[in-house]
Amino acid sequence: MSELRSAQWAVDAIENGTSNAATIYKTLTDIDPVSVCFIFKYIREIYSPDNPQSMGVIERMVELTKTYDDLVKIAKKGEKDSVYEWFSDTYRIKEFKGRPNDLLALIVEKLES
């Protein structure tokens, strides 16, 4: 699976509970840390406590990061990349609410350029 498809699959699996933590973990460890960073950032910002849809999504994120605590380190590594800085200077995650595939397409395109 390509970087983009893997990242998009991971977000969908976390949002909709369509896969188990072990499979999501395997996918996340196979993609760029910058993609992992943005997946986590998207989930944290879009599924805040005031979002009525957040309960299941947040529960899956907590299970994922508690079971596989190295994912947090991977995401932190992605924050140190210049793509993260570029995005932060140009966009806001909330601009992509309901459009995680567009966010990830933008990130992967920038990573590959």
# chains A, B, ... in the order shown; residues from 1 in each chain; ligands from 1
call {"tool": "residues_around", "arguments": {"residues": "Ala10 (chain A)", "least_positions_apart": "2", "cutoff": "12 Å", "atoms": "only C-alpha atoms", "output": "ChimeraX atom specification"}}
result
/A:1,3-8,12-31,35-36,38-40,42-43,60-61,64,100-101,104
call {"tool": "select_by_dssp", "arguments": {"residues": "region 28-80 of chain A", "states": "helix (DSSP H, G or I)", "output": "JSON, numbers by chain"}}
result
{"A": [28, 29, 33, 34, 35, 36, 37, 38, 39, 40, 41, 42, 43, 44, 45, 46, 54, 55, 56, 57, 58, 59, 60, 61, 62, 63, 64, 65, 66, 67, 70, 71, 72, 73, 74, 75, 76, 77, 78, 79]}
call {"tool": "residues_around", "arguments": {"residues": "Ser82 (chain A)", "least_positions_apart": "4", "cutoff": "10 Å", "atoms": "only C-alpha atoms", "output": "JSON, numbers by chain"}}
result
{"A": [34, 78, 86, 87, 88, 111]}
call {"tool": "write_last_selection", "arguments": {"atoms": "N, CA and C atoms", "output": "PDB file, in the first residue's frame"}}
result
ATOM      1  N   VAL A  34       6.084  11.884   9.887  1.00  0.00           N
ATOM      2  CA  VAL A  34       5.331  13.121   9.655  1.00  0.00           C
ATOM      3  C   VAL A  34       3.854  12.790   9.426  1.00  0.00           C
ATOM      4  N   GLY A  78       8.043  13.258  13.986  1.00  0.00           N
ATOM      5  CA  GLY A  78       7.444  13.931  12.833  1.00  0.00           C
ATOM      6  C   GLY A  78       7.294  15.422  13.028  1.00  0.00           C
ATOM      7  N   TRP A  86       6.268  23.956   7.925  1.00  0.00           N
ATOM      8  CA  TRP A  86       5.627  24.533   6.744  1.00  0.00           C
ATOM      9  C   TRP A  86       4.106  24.522   6.906  1.00  0.00           C
ATOM     10  N   PHE A  87       3.549  23.384   7.308  1.00  0.00           N
ATOM     11  CA  PHE A  87       2.105  23.274   7.465  1.00  0.00           C
ATOM     12  C   PHE A  87       1.613  24.260   8.519  1.00  0.00           C
ATOM     13  N   SER A  88       2.297  24.294   9.657  1.00  0.00           N
ATOM     14  CA  SER A  88       1.884  25.171  10.757  1.00  0.00           C
ATOM     15  C   SER A  88       1.903  26.643  10.365  1.00  0.00           C
ATOM     16  N   LEU A 111       5.801  15.759   1.324  1.00  0.00           N
ATOM     17  CA  LEU A 111       6.895  14.855   1.697  1.00  0.00           C
ATOM     18  C   LEU A 111       7.622  14.322   0.468  1.00  0.00           C
TER      19      LEU A 111
END
